[in-house]
file start05.cif (mmCIF, C-alpha atoms)
data_input
#
loop_
_atom_site.label_atom_id
_atom_site.label_comp_id
_atom_site.auth_asym_id
_atom_site.auth_seq_id
_atom_site.Cartn_x
_atom_site.Cartn_y
_atom_site.Cartn_z
CA MET A 1 28.65 -126.88 135.82
CA ALA A 2 31.22 -125.34 133.50
CA LEU A 3 30.08 -125.24 129.91
CA PRO A 4 32.26 -127.14 127.40
CA ASP A 5 34.56 -125.00 125.28
CA TRP A 6 32.90 -126.01 122.01
CA ARG A 7 29.94 -123.79 122.83
CA TYR A 8 32.00 -120.70 122.22
CA GLU A 9 33.38 -121.44 118.75
CA ASP A 10 32.02 -118.45 116.89
CA ASP A 11 32.81 -119.84 113.45
CA ALA A 12 30.88 -123.08 113.97
CA ALA A 13 27.74 -123.53 111.88
CA PRO A 14 24.70 -125.55 112.99
CA LEU A 15 24.04 -128.82 111.21
CA ALA A 16 21.81 -128.30 108.21
CA LEU A 17 18.49 -130.10 108.61
CA SER A 18 18.85 -131.37 105.05
CA THR A 19 21.74 -133.57 106.23
CA ALA A 20 19.54 -135.58 108.61
CA PRO A 21 18.94 -139.09 107.15
CA VAL A 22 15.14 -139.18 107.17
CA PRO A 23 13.63 -142.70 107.55
CA GLU A 24 12.40 -144.49 104.43
CA TYR A 25 8.70 -144.14 105.19
CA GLY A 26 6.55 -145.76 102.52
CA SER A 27 9.18 -148.07 101.04
CA GLY A 28 11.66 -149.33 103.61
CA SER A 29 10.71 -148.53 107.19
CA LEU A 30 9.40 -150.67 110.04
CA ALA A 31 5.94 -149.24 109.39
CA ASP A 32 5.99 -150.85 105.94
CA LEU A 33 6.73 -154.42 107.05
CA LEU A 34 3.38 -155.79 108.23
CA PRO A 35 1.36 -154.08 105.48
CA THR A 36 3.64 -155.79 102.95
CA LEU A 37 3.17 -159.19 104.59
CA ALA A 38 -0.59 -158.63 104.91
CA ALA A 39 -0.83 -157.75 101.22
CA GLY A 40 0.98 -160.99 100.38
CA LEU A 41 -1.59 -162.88 102.48
CA GLY A 42 -4.48 -161.30 100.60
CA VAL A 43 -5.72 -159.07 103.42
CA PRO A 44 -7.94 -156.39 101.82
CA ASP A 45 -6.79 -152.77 101.51
CA PHE A 46 -3.07 -153.46 101.94
CA THR A 47 -0.36 -153.01 99.32
CA ALA A 48 3.20 -154.29 99.31
CA ALA A 49 5.20 -151.27 100.43
CA ILE A 50 8.59 -153.06 100.55
CA PRO A 51 9.02 -154.17 96.94
CA GLU A 52 11.93 -156.53 97.62
CA LEU A 53 9.85 -158.98 99.66
CA THR A 54 8.27 -162.09 98.12
CA PRO A 55 4.92 -163.25 99.59
CA ALA A 56 4.73 -166.37 101.75
CA ASP A 57 1.73 -168.27 103.10
CA ARG A 58 3.09 -168.34 106.65
CA ASN A 59 4.93 -165.32 108.06
CA CYS A 60 6.71 -164.91 111.38
CA VAL A 61 8.24 -161.64 112.57
CA PHE A 62 10.79 -162.00 115.37
CA LEU A 63 11.57 -158.57 116.81
CA ILE A 64 14.69 -158.36 118.97
CA ASP A 65 14.60 -155.20 121.04
CA GLY A 66 17.71 -153.07 120.56
CA LEU A 67 19.56 -155.24 118.04
CA GLY A 68 20.26 -152.90 115.14
CA TRP A 69 21.92 -153.60 111.82
CA GLU A 70 25.26 -152.11 112.83
CA GLN A 71 25.41 -154.24 115.98
CA ILE A 72 24.99 -157.47 113.99
CA ARG A 73 27.56 -156.39 111.41
CA SER A 74 30.17 -155.58 114.03
CA HIS A 75 29.77 -158.76 116.12
CA PRO A 76 30.26 -161.77 113.82
CA ASP A 77 31.86 -163.87 116.55
CA GLU A 78 29.02 -163.41 119.04
CA ALA A 79 26.25 -163.71 116.44
CA PRO A 80 27.51 -166.09 113.73
CA TYR A 81 24.05 -167.21 112.62
CA LEU A 82 22.58 -163.71 112.43
CA HIS A 83 25.72 -162.47 110.69
CA SER A 84 25.41 -165.24 108.11
CA LEU A 85 21.93 -163.95 107.25
CA LEU A 86 22.93 -160.34 106.53
CA ALA A 87 22.85 -160.90 102.76
CA THR A 88 19.23 -162.08 103.00
CA SER A 89 18.06 -158.81 104.51
CA ARG A 90 15.25 -156.93 102.79
CA GLY A 91 14.42 -159.58 100.26
CA GLY A 92 18.00 -160.57 99.48
CA SER A 93 19.16 -157.04 98.71
CA GLY A 94 21.48 -157.09 101.73
CA ARG A 95 20.08 -153.77 102.92
CA PRO A 96 18.50 -152.77 106.24
CA LEU A 97 15.23 -151.09 107.02
CA THR A 98 14.94 -147.80 108.88
CA ALA A 99 13.25 -147.73 112.25
CA GLY A 100 11.51 -144.37 112.04
CA PHE A 101 11.98 -141.29 114.22
CA PRO A 102 12.53 -141.36 117.05
CA ALA A 103 14.26 -144.74 117.08
CA THR A 104 12.74 -145.89 120.36
CA THR A 105 10.66 -148.85 121.48
CA ALA A 106 7.22 -147.32 121.97
CA THR A 107 7.36 -145.49 118.66
CA SER A 108 8.76 -148.44 116.71
CA LEU A 109 6.39 -151.07 118.12
CA ALA A 110 3.46 -148.83 117.28
CA SER A 111 4.83 -148.43 113.75
CA VAL A 112 5.25 -152.18 113.38
CA GLY A 113 1.83 -153.09 114.70
CA THR A 114 -0.27 -150.39 113.04
CA GLY A 115 1.70 -150.18 109.80
CA LEU A 116 1.67 -146.40 110.21
CA PRO A 117 4.45 -143.84 110.69
CA PRO A 118 4.70 -141.93 113.99
CA GLY A 119 2.92 -138.85 112.65
CA ALA A 120 -0.21 -140.98 112.18
CA HIS A 121 -0.21 -143.42 115.11
CA GLY A 122 0.89 -140.62 117.43
CA LEU A 123 3.49 -142.29 119.65
CA THR A 124 6.09 -139.71 118.76
CA GLY A 125 8.68 -140.41 121.43
CA TYR A 126 9.54 -141.95 124.77
CA THR A 127 7.76 -139.08 126.51
CA THR A 128 5.65 -136.45 124.77
CA ARG A 129 3.26 -133.76 125.88
CA ASN A 130 -0.43 -134.58 126.08
CA PRO A 131 -2.02 -131.45 124.54
CA ALA A 132 -5.24 -132.11 126.47
CA THR A 133 -3.59 -131.97 129.90
CA GLY A 134 -0.26 -130.25 129.35
CA GLU A 135 1.51 -133.15 131.09
CA LEU A 136 4.29 -135.35 129.80
CA MET A 137 3.01 -138.77 128.77
CA ASN A 138 5.37 -141.75 129.01
CA GLN A 139 4.30 -143.87 126.07
CA LEU A 140 6.26 -146.95 127.09
CA ARG A 141 5.05 -147.13 130.69
CA TRP A 142 1.75 -145.36 129.91
CA ARG A 143 1.97 -142.81 132.72
CA PRO A 144 -0.08 -140.86 133.54
CA TRP A 145 -2.99 -143.00 132.43
CA THR A 146 -4.93 -142.00 129.35
CA ASP A 147 -7.37 -144.00 127.26
CA PRO A 148 -5.16 -146.08 124.91
CA HIS A 149 -7.69 -146.15 122.08
CA VAL A 150 -8.13 -142.40 122.18
CA TRP A 151 -4.38 -141.91 122.15
CA GLN A 152 -3.96 -144.35 119.23
CA PRO A 153 -7.29 -144.96 117.45
CA TYR A 154 -6.22 -146.96 114.39
CA PRO A 155 -6.66 -150.75 114.12
CA THR A 156 -3.58 -152.92 114.09
CA VAL A 157 -2.52 -154.97 111.10
CA PHE A 158 -3.00 -158.06 113.27
CA GLN A 159 -6.64 -157.16 113.90
CA LEU A 160 -7.31 -156.61 110.21
CA ALA A 161 -5.52 -159.81 109.24
CA ASP A 162 -7.46 -161.78 111.85
CA ALA A 163 -10.73 -160.36 110.53
CA ALA A 164 -9.70 -161.48 107.04
CA GLY A 165 -9.28 -165.08 108.17
CA VAL A 166 -5.51 -165.15 108.66
CA HIS A 167 -4.33 -167.08 111.73
CA THR A 168 -2.74 -164.41 113.89
CA ALA A 169 -0.88 -164.64 117.19
CA GLN A 170 1.63 -162.77 119.36
CA VAL A 171 4.08 -164.88 121.38
CA SER A 172 5.77 -162.82 124.05
CA SER A 173 6.38 -162.43 127.77
CA PRO A 174 3.21 -162.83 129.87
CA ASP A 175 4.05 -159.43 131.40
CA PHE A 176 3.02 -157.74 128.17
CA ARG A 177 -0.38 -159.38 127.80
CA ASN A 178 -2.50 -156.50 129.10
CA THR A 179 -0.28 -153.46 128.68
CA PRO A 180 -1.76 -150.42 126.90
CA LEU A 181 1.05 -150.53 124.34
CA THR A 182 0.18 -154.12 123.46
CA LYS A 183 -3.51 -153.25 123.18
CA ILE A 184 -3.03 -150.38 120.73
CA ALA A 185 -0.02 -151.67 118.79
CA LEU A 186 0.17 -155.46 118.83
CA SER A 187 -3.30 -156.86 119.57
CA GLY A 188 -5.32 -159.05 117.22
CA GLY A 189 -5.81 -162.79 117.18
CA SER A 190 -4.31 -164.62 120.18
CA PHE A 191 -1.77 -163.45 122.75
CA LEU A 192 0.31 -166.38 124.02
CA GLY A 193 2.61 -165.70 126.94
CA LYS A 194 5.75 -167.77 127.52
CA LEU A 195 8.56 -166.97 129.93
CA THR A 196 11.70 -168.35 128.29
CA GLY A 197 13.10 -167.54 124.90
CA GLU A 198 13.20 -171.20 123.95
CA GLU A 199 9.52 -171.63 124.80
CA ARG A 200 8.63 -168.65 122.64
CA MET A 201 10.57 -169.98 119.66
CA ASP A 202 8.93 -173.40 119.90
CA LEU A 203 5.45 -171.95 120.29
CA ALA A 204 5.94 -169.42 117.49
CA ALA A 205 6.94 -172.24 115.15
CA ALA A 206 3.91 -174.29 116.18
CA GLN A 207 1.58 -171.34 115.67
CA LEU A 208 3.11 -170.64 112.28
CA GLY A 209 2.11 -174.11 111.11
CA ALA A 210 -1.35 -174.04 112.69
CA ALA A 211 -3.07 -172.74 109.55
CA ASP A 212 -2.53 -172.40 105.81
CA ARG A 213 -2.21 -168.61 106.18
CA SER A 214 -0.57 -167.24 109.29
CA LEU A 215 0.96 -164.04 110.68
CA ILE A 216 2.89 -164.62 113.90
CA TYR A 217 4.85 -162.12 115.99
CA THR A 218 7.38 -162.91 118.71
CA TYR A 219 9.63 -160.67 120.77
CA TYR A 220 12.71 -160.67 122.98
CA SER A 221 13.74 -157.70 125.12
CA GLU A 222 16.95 -158.38 127.02
CA VAL A 223 19.48 -157.36 124.37
CA ASP A 224 18.14 -153.85 124.81
CA GLY A 225 17.96 -154.20 128.60
CA LYS A 226 21.58 -155.23 128.99
CA GLY A 227 22.69 -152.57 126.51
CA HIS A 228 21.00 -149.81 128.49
CA ARG A 229 22.40 -150.98 131.79
CA PHE A 230 25.92 -152.08 130.91
CA GLY A 231 26.58 -150.84 127.37
CA MET A 232 27.39 -152.90 124.32
CA ASP A 233 31.04 -153.08 125.32
CA SER A 234 30.16 -155.46 128.13
CA ASP A 235 30.14 -159.20 128.71
CA ALA A 236 26.48 -158.98 129.76
CA TRP A 237 25.43 -157.50 126.41
CA ARG A 238 27.59 -159.87 124.38
CA GLY A 239 26.14 -162.80 126.33
CA GLN A 240 22.63 -161.73 125.37
CA LEU A 241 23.66 -161.40 121.75
CA MET A 242 25.04 -164.94 121.79
CA TYR A 243 21.84 -166.20 123.37
CA VAL A 244 19.50 -164.51 120.91
CA ASP A 245 21.63 -165.77 118.01
CA ARG A 246 20.84 -169.30 119.18
CA LEU A 247 17.15 -168.45 119.57
CA VAL A 248 16.89 -167.28 115.96
CA GLN A 249 18.56 -170.47 114.72
CA ARG A 250 16.24 -172.58 116.90
CA LEU A 251 13.18 -170.95 115.37
CA ALA A 252 14.56 -171.10 111.84
CA GLU A 253 15.19 -174.85 112.12
CA GLN A 254 11.53 -175.47 113.06
CA LEU A 255 9.82 -173.54 110.26
CA PRO A 256 6.91 -175.45 108.73
CA PRO A 257 6.62 -175.59 104.92
CA ARG A 258 5.85 -172.41 102.94
CA SER A 259 7.09 -170.17 105.74
CA ALA A 260 9.13 -166.98 105.91
CA LEU A 261 10.85 -165.86 109.11
CA TYR A 262 11.77 -162.18 109.34
CA VAL A 263 14.20 -161.08 112.05
CA THR A 264 14.12 -157.38 112.79
CA ALA A 265 14.51 -154.85 115.61
CA ASP A 266 12.91 -151.69 116.89
CA HIS A 267 16.15 -149.68 116.94
CA GLY A 268 19.90 -150.00 117.39
CA MET A 269 22.00 -148.48 120.16
CA ILE A 270 25.10 -146.43 120.89
CA ASP A 271 27.29 -146.36 124.02
CA ILE A 272 27.76 -142.88 125.49
CA PRO A 273 30.85 -142.09 127.60
CA PHE A 274 30.30 -140.92 131.16
CA ASP A 275 31.86 -137.47 130.87
CA GLU A 276 30.58 -133.88 130.77
CA GLU A 277 31.36 -133.43 127.08
CA SER A 278 29.27 -136.46 126.13
CA ARG A 279 26.46 -136.00 128.68
CA ILE A 280 25.00 -132.51 128.82
CA ASP A 281 22.82 -132.22 131.93
CA PHE A 282 19.73 -130.14 131.18
CA ASP A 283 18.95 -129.87 134.89
CA GLU A 284 22.25 -128.09 135.50
CA ASP A 285 22.24 -125.94 132.39
CA TRP A 286 20.57 -122.54 132.77
CA GLU A 287 21.04 -121.70 129.11
CA LEU A 288 19.21 -124.72 127.69
CA GLY A 289 16.53 -124.44 130.37
CA ALA A 290 15.62 -120.82 129.71
CA GLY A 291 12.04 -120.58 128.43
CA VAL A 292 11.45 -124.34 128.58
CA ALA A 293 8.25 -125.55 130.24
CA LEU A 294 8.69 -129.31 129.66
CA LEU A 295 11.55 -131.52 128.50
CA GLY A 296 10.33 -134.64 126.71
CA GLY A 297 11.72 -137.43 124.60
CA GLU A 298 14.99 -139.02 125.67
CA GLY A 299 18.68 -138.19 125.64
CA ARG A 300 19.30 -138.54 121.91
CA ALA A 301 15.87 -137.43 120.67
CA ARG A 302 14.45 -134.53 122.66
CA HIS A 303 11.04 -132.87 122.47
CA VAL A 304 11.33 -129.40 123.99
CA TYR A 305 8.13 -127.60 124.95
CA ALA A 306 8.51 -123.87 125.39
CA VAL A 307 6.77 -121.44 127.67
CA PRO A 308 4.09 -119.65 125.58
CA GLY A 309 5.73 -116.91 123.56
CA ALA A 310 9.26 -118.28 123.99
CA GLN A 311 9.27 -120.81 121.14
CA SER A 312 11.47 -118.76 118.82
CA ASP A 313 13.97 -117.90 121.54
CA VAL A 314 14.25 -121.50 122.71
CA LEU A 315 14.85 -122.69 119.14
CA THR A 316 17.55 -120.05 118.65
CA VAL A 317 19.36 -120.94 121.87
CA TRP A 318 19.20 -124.70 121.36
CA ARG A 319 20.46 -124.32 117.81
CA GLU A 320 23.30 -122.04 118.87
CA VAL A 321 24.34 -124.21 121.81
CA LEU A 322 23.86 -127.67 120.32
CA GLY A 323 23.73 -127.15 116.57
CA GLU A 324 27.10 -128.77 115.85
CA GLN A 325 26.16 -131.99 117.63
CA PHE A 326 22.38 -132.18 117.14
CA TRP A 327 20.01 -131.59 114.30
CA VAL A 328 17.83 -128.92 115.93
CA ALA A 329 14.49 -128.15 114.29
CA GLY A 330 11.36 -126.24 115.10
CA ARG A 331 8.20 -128.33 115.15
CA ASP A 332 7.06 -127.26 111.68
CA GLU A 333 10.59 -127.71 110.30
CA ALA A 334 10.78 -131.29 111.62
CA ILE A 335 7.35 -132.04 110.17
CA ALA A 336 8.22 -130.50 106.80
CA ALA A 337 11.46 -132.50 106.70
CA GLY A 338 9.45 -135.71 107.13
CA TRP A 339 11.01 -136.82 110.40
CA PHE A 340 7.72 -138.26 111.68
CA GLY A 341 6.35 -139.38 108.33
CA PRO A 342 4.78 -137.81 105.26
CA GLU A 343 1.74 -136.47 107.15
CA ILE A 344 0.87 -135.53 110.72
CA ASP A 345 -2.57 -136.20 112.17
CA GLU A 346 -4.15 -133.16 113.76
CA ARG A 347 -4.37 -134.88 117.14
CA VAL A 348 -0.60 -135.57 117.00
CA TYR A 349 0.64 -132.07 116.10
CA GLY A 350 0.78 -130.75 119.67
CA ARG A 351 2.58 -133.84 120.95
CA ILE A 352 5.67 -132.89 118.95
CA GLY A 353 8.03 -130.48 120.69
CA ASP A 354 8.22 -126.80 119.83
CA VAL A 355 11.86 -127.75 119.32
CA VAL A 356 13.04 -131.23 118.32
CA ALA A 357 16.71 -132.11 118.85
CA ALA A 358 18.16 -135.29 117.31
CA ALA A 359 21.73 -136.25 118.15
CA HIS A 360 24.34 -136.49 115.41
CA ALA A 361 27.46 -136.82 117.58
CA ASP A 362 28.07 -139.34 120.37
CA VAL A 363 26.34 -137.13 122.93
CA VAL A 364 23.13 -137.05 124.96
CA ILE A 365 21.08 -134.46 126.82
CA THR A 366 20.45 -136.01 130.21
CA ALA A 367 18.27 -134.67 133.02
CA SER A 368 19.81 -135.88 136.26
CA ARG A 369 16.97 -134.78 138.55
CA ARG A 370 13.97 -135.28 136.25
CA GLU A 371 15.20 -138.56 134.77
CA PRO A 372 17.73 -140.16 137.15
CA ASN A 373 17.31 -143.71 135.84
CA GLU A 374 17.44 -142.80 132.17
CA SER A 375 20.39 -140.46 132.75
CA ALA A 376 22.42 -143.32 134.26
CA MET A 377 22.10 -145.58 131.22
CA ALA A 378 25.26 -146.61 129.41
CA GLY A 379 23.69 -147.44 126.05
CA MET A 380 21.16 -145.10 124.45
CA HIS A 381 19.20 -144.60 121.24
CA GLY A 382 16.56 -142.44 119.60
CA SER A 383 18.17 -140.46 116.83
CA MET A 384 18.76 -140.92 113.09
CA THR A 385 22.37 -142.09 113.04
CA PRO A 386 23.01 -145.47 111.36
CA ALA A 387 23.82 -147.15 114.68
CA GLU A 388 20.34 -146.27 116.00
CA GLN A 389 18.20 -146.03 112.92
CA LEU A 390 19.15 -149.02 110.76
CA VAL A 391 17.48 -152.32 111.63
CA PRO A 392 17.78 -155.73 109.98
CA LEU A 393 15.15 -157.59 108.02
CA LEU A 394 16.90 -160.97 107.92
CA GLU A 395 14.98 -163.72 106.16
CA VAL A 396 14.83 -167.50 106.40
CA ARG A 397 12.43 -169.51 104.19
CA SER A 398 11.31 -173.10 104.21
#
call {"tool": "encode", "arguments": {"input": "start05.cif", "output": "structure tokens"}}
result
Amino acid sequence: MALPDWRYEDDAAPLALSTAPVPEYGSGSLADLLPTLAAGLGVPDFTAAIPELTPADRNCVFLIDGLGWEQIRSHPDEAPYLHSLLATSRGGSGRPLTAGFPATTATSLASVGTGLPPGAHGLTGYTTRNPATGELMNQLRWRPWTDPHVWQPYPTVFQLADAAGVHTAQVSSPDFRNTPLTKIALSGGSFLGKLTGEERMDLAAAQLGAADRSLIYTYYSEVDGKGHRFGMDSDAWRGQLMYVDRLVQRLAEQLPPRSALYVTADHGMIDIPFDEESRIDFDEDWELGAGVALLGGEGRARHVYAVPGAQSDVLTVWREVLGEQFWVAGRDEAIAAGWFGPEIDERVYGRIGDVVAAAHADVVITASRREPNESAMAGMHGSMTPAEQLVPLLEVRS
């Protein structure tokens, strides 16, 4: 494959790492949401990390996979109810939360459920290296198998709230009942599986009113699914947005007294054109592949694991080749910049790439042979741009 001309602009400077918009860990990220709600419910050892939120006796978090802040803002016709709630976000400040890095489902759901940033819970990307085996671990599909509670040993906020006497339940698809990701990120209290979105909304509302203090979680995935497959500039994606807008209103209209509904997401999304300038194929690129033992992460948030002794060379090449379009950092640089949170657990350090590349431009690094399904996606996410990183925290109270 011919290399794009931009690679040979000698006067181009790599993006400075200081320009990367690091997530608001500790005050306004997804990892701060449940600890704040738990503190308001009187669960021991939690403090309110998001200062804008006011406690409520009954709390419901509705997480819509893939529906970022920018997507709601730019689609008022398809999502009139959600759009009308934008001013309520983050305690009425009208501001979004940040997802965390990378902005991807496995990482974000673990941050939500544990109340910890990625550097602590350890799900640092779509795929990361298992230091114990040297293999890539897919943390969404949990392949190859590894003990979930060794991989992520911390209790969830739901478990701690349940132990403190708060009525706790997750209302989701039955398919997720026994997945490893559910067990280590979202377990605690009762798991209640319902197939349709309407059934989930009705059951979540009923569970919310089942006790004086409650913490309920519900989830919908198909906005993300249609975005990946068809892109956001598609009737299929817009149809899902219209549907989920009605679901949120259905749940909001059933809230029992003294309740707060929080509508959020795990990440946003960006459509990537199907051309060679926008989709750089690692599997056809000898320069990017030199010295690389494993390619992890996903198209817009790559973990690059070097052959022993080649770490410095790989970093230099990736920065020279991609530095105008990606923030390219060595492992220690990404950690020092706070991309994965303020601290990194020792067990997590080796899961992070020797090189970490986060997209700034509308471009992805695909891998057509290693990742044929992922490489064919129209909509993608993972990086720190506003379209991917900013998520709503819309609020309805009764």
call {"tool": "atom_distance", "arguments": {"input": "start05.cif", "atom1": "atom CA of Gly165 of chain A", "atom2": "atom CA of Leu247 of chain A"}}
result
29.0 Å
call {"tool": "atom_distance", "arguments": {"input": "start05.cif", "atom1": "atom CA of Val157 of chain A", "atom2": "atom CA of Gly188 of chain A"}}
result
7.9 Å
call {"tool": "resolve_selection", "arguments": {"input": "start05.cif", "expression": "the PyMOL selection byres ((chain A and resi 127) around 9)", "output": "count of residues only"}}
result
17
call {"tool": "atom_distance", "arguments": {"input": "start05.cif", "atom1": "atom CA of Gly94 of chain A", "atom2": "atom CA of Pro55 of chain A"}}
result
17.8 Å
call {"tool": "resolve_selection", "arguments": {"input": "start05.cif", "expression": "the PyMOL selection byres ((chain A and resi 106-122) around 6)", "output": "PyMOL selection string"}}
result
chain A and resi 30-32+35+104-105+123-125+140+152+156-157+185-186+266+340-341+344-345+348
call {"tool": "resolve_selection", "arguments": {"input": "start05.cif", "expression": "the PyMOL selection byres ((chain A and resi 71-82) around 10)", "output": "MDAnalysis selection string"}}
result
chainID A and resid 66:70 83:86 232 238:249 263 268:270 387:388 390:392 394:395
call {"tool": "residues_around", "arguments": {"input": "start05.cif", "residues": "Phe282 of chain A", "least_positions_apart": "6", "cutoff": "7 Å", "atoms": "all atoms listed in the file", "output": "PyMOL selection string"}}
result
chain A and resi 288-289+365-367
call {"tool": "write_last_selection", "arguments": {"input": "start05.cif", "atoms": "C-alpha atoms", "output": "mmCIF file, keeping the file's coordinate frame"}}
result
data_model
loop_
_atom_site.group_PDB
_atom_site.id
_atom_site.type_symbol
_atom_site.label_atom_id
_atom_site.label_comp_id
_atom_site.auth_asym_id
_atom_site.auth_seq_id
_atom_site.Cartn_x
_atom_site.Cartn_y
_atom_site.Cartn_z
ATOM 1 C CA LEU A 288 19.210 -124.720 127.690
ATOM 2 C CA GLY A 289 16.530 -124.440 130.370
ATOM 3 C CA ILE A 365 21.080 -134.460 126.820
ATOM 4 C CA THR A 366 20.450 -136.010 130.210
ATOM 5 C CA ALA A 367 18.270 -134.670 133.020
#
call {"tool": "closest_atom_pairs", "arguments": {"input": "start05.cif", "of": "segment 322-381 of chain A", "to": "segment 271-279 of chain A", "cutoff": "8 Å", "atoms": "only C-alpha atoms", "output": "JSON lines"}}
result
{"residue": "A:Asp362", "atom": "CA", "partner": "A:Ile272", "partner_atom": "CA", "distance": 6.2}
{"residue": "A:Val363", "atom": "CA", "partner": "A:Ser278", "partner_atom": "CA", "distance": 4.4}
{"residue": "A:Val364", "atom": "CA", "partner": "A:Arg279", "partner_atom": "CA", "distance": 5.1}
{"residue": "A:Ile365", "atom": "CA", "partner": "A:Arg279", "partner_atom": "CA", "distance": 5.9}
{"residue": "A:Thr366", "atom": "CA", "partner": "A:Arg279", "partner_atom": "CA", "distance": 6.2}
{"residue": "A:Ala378", "atom": "CA", "partner": "A:Asp271", "partner_atom": "CA", "distance": 5.8}
{"residue": "A:Gly379", "atom": "CA", "partner": "A:Asp271", "partner_atom": "CA", "distance": 4.3}
{"residue": "A:Met380", "atom": "CA", "partner": "A:Asp271", "partner_atom": "CA", "distance": 6.3}
call {"tool": "closest_residue", "arguments": {"input": "start05.cif", "among": "A:Pro180, A:Pro14, A:Pro153, A:Pro174", "to": "Arg141 of chain A", "atoms": "all atoms listed in the file"}}
result
A:Pro180
call {"tool": "residues_near_point", "arguments": {"input": "start05.cif", "point": "(23.7, -138.1, 109.7)", "cutoff": "12 Å", "atoms": "all atoms listed in the file", "output": "PyMOL selection string"}}
result
chain A and resi 15-23+324-327+358-362+383-390
call {"tool": "residues_around", "arguments": {"input": "start05.cif", "residues": "Glu52 of chain A", "least_positions_apart": "4", "cutoff": "8 Å", "atoms": "all atoms listed in the file", "output": "ChimeraX atom specification"}}
result
/A:90-93
call {"tool": "closest_residue", "arguments": {"input": "start05.cif", "among": "A:Pro257, A:Gly197, A:Gly189, A:Gly299", "to": "His381 of chain A", "atoms": "all atoms listed in the file"}}
result
A:Gly299
call {"tool": "closest_residue", "arguments": {"input": "start05.cif", "among": "A:Asn130, A:Ser398, A:Ser29, A:Ser173", "to": "Pro256 of chain A", "atoms": "all atoms listed in the file"}}
result
A:Ser398
call {"tool": "closest_residue", "arguments": {"input": "start05.cif", "among": "A:Pro372, A:Gly28, A:Gly323, A:Pro44", "to": "Ala161 of chain A", "atoms": "all atoms listed in the file"}}
result
A:Pro44
call {"tool": "residues_around", "arguments": {"input": "start05.cif", "residues": "Arg258 of chain A", "least_positions_apart": "5", "cutoff": "8 Å", "atoms": "all atoms listed in the file", "output": "ChimeraX atom specification"}}
result
/A:56-58,397-398
call {"tool": "write_last_selection", "arguments": {"input": "start05.cif", "atoms": "C-alpha atoms", "output": "CSV table (one decimal), keeping the file's coordinate frame"}}
result
chain,number,residue,atom,x,y,z
A,56,ALA,CA,4.7,-166.4,101.8
A,57,ASP,CA,1.7,-168.3,103.1
A,58,ARG,CA,3.1,-168.3,106.6
A,397,ARG,CA,12.4,-169.5,104.2
A,398,SER,CA,11.3,-173.1,104.2
call {"tool": "residues_around", "arguments": {"input": "start05.cif", "residues": "Glu287 of chain A", "least_positions_apart": "6", "cutoff": "9 Å", "atoms": "all atoms listed in the file", "output": "MDAnalysis selection string"}}
result
chainID A and resid 317:318 321
call {"tool": "residues_around", "arguments": {"input": "start05.cif", "residues": "Thr133 of chain A", "least_positions_apart": "6", "cutoff": "12 Å", "atoms": "only C-alpha atoms", "output": "compact mmCIF listing (two decimals) with C-alpha atoms, keeping the file's coordinate frame"}}
result
# COMPACT_ATOMS: atom_id res chain seq x y z
CA PRO A 144 -0.08 -140.86 133.54
CA TRP A 145 -2.99 -143.00 132.43
CA THR A 146 -4.93 -142.00 129.35
CA GLY A 350 0.78 -130.75 119.67
CA ARG A 351 2.58 -133.84 120.95
call {"tool": "closest_residue", "arguments": {"input": "start05.cif", "among": "A:Phe62, A:Phe230, A:Trp237, A:Trp339", "to": "Ile216 of chain A", "atoms": "all atoms listed in the file"}}
result
A:Phe62
call {"tool": "closest_residue", "arguments": {"input": "start05.cif", "among": "A:Arg370, A:Lys194, A:Arg95, A:His167", "to": "Glu284 of chain A", "atoms": "only C-alpha atoms"}}
result
A:Arg370
call {"tool": "axis_aligned_box", "arguments": {"input": "start05.cif", "around": "segment 22-32 of chain A", "padding_each_side": "4 Å", "output": "lines of an AutoDock Vina configuration file"}}
result
center_x = 10.5
center_y = -145.0
center_z = 105.5
size_x = 17.2
size_y = 19.7
size_z = 17.0
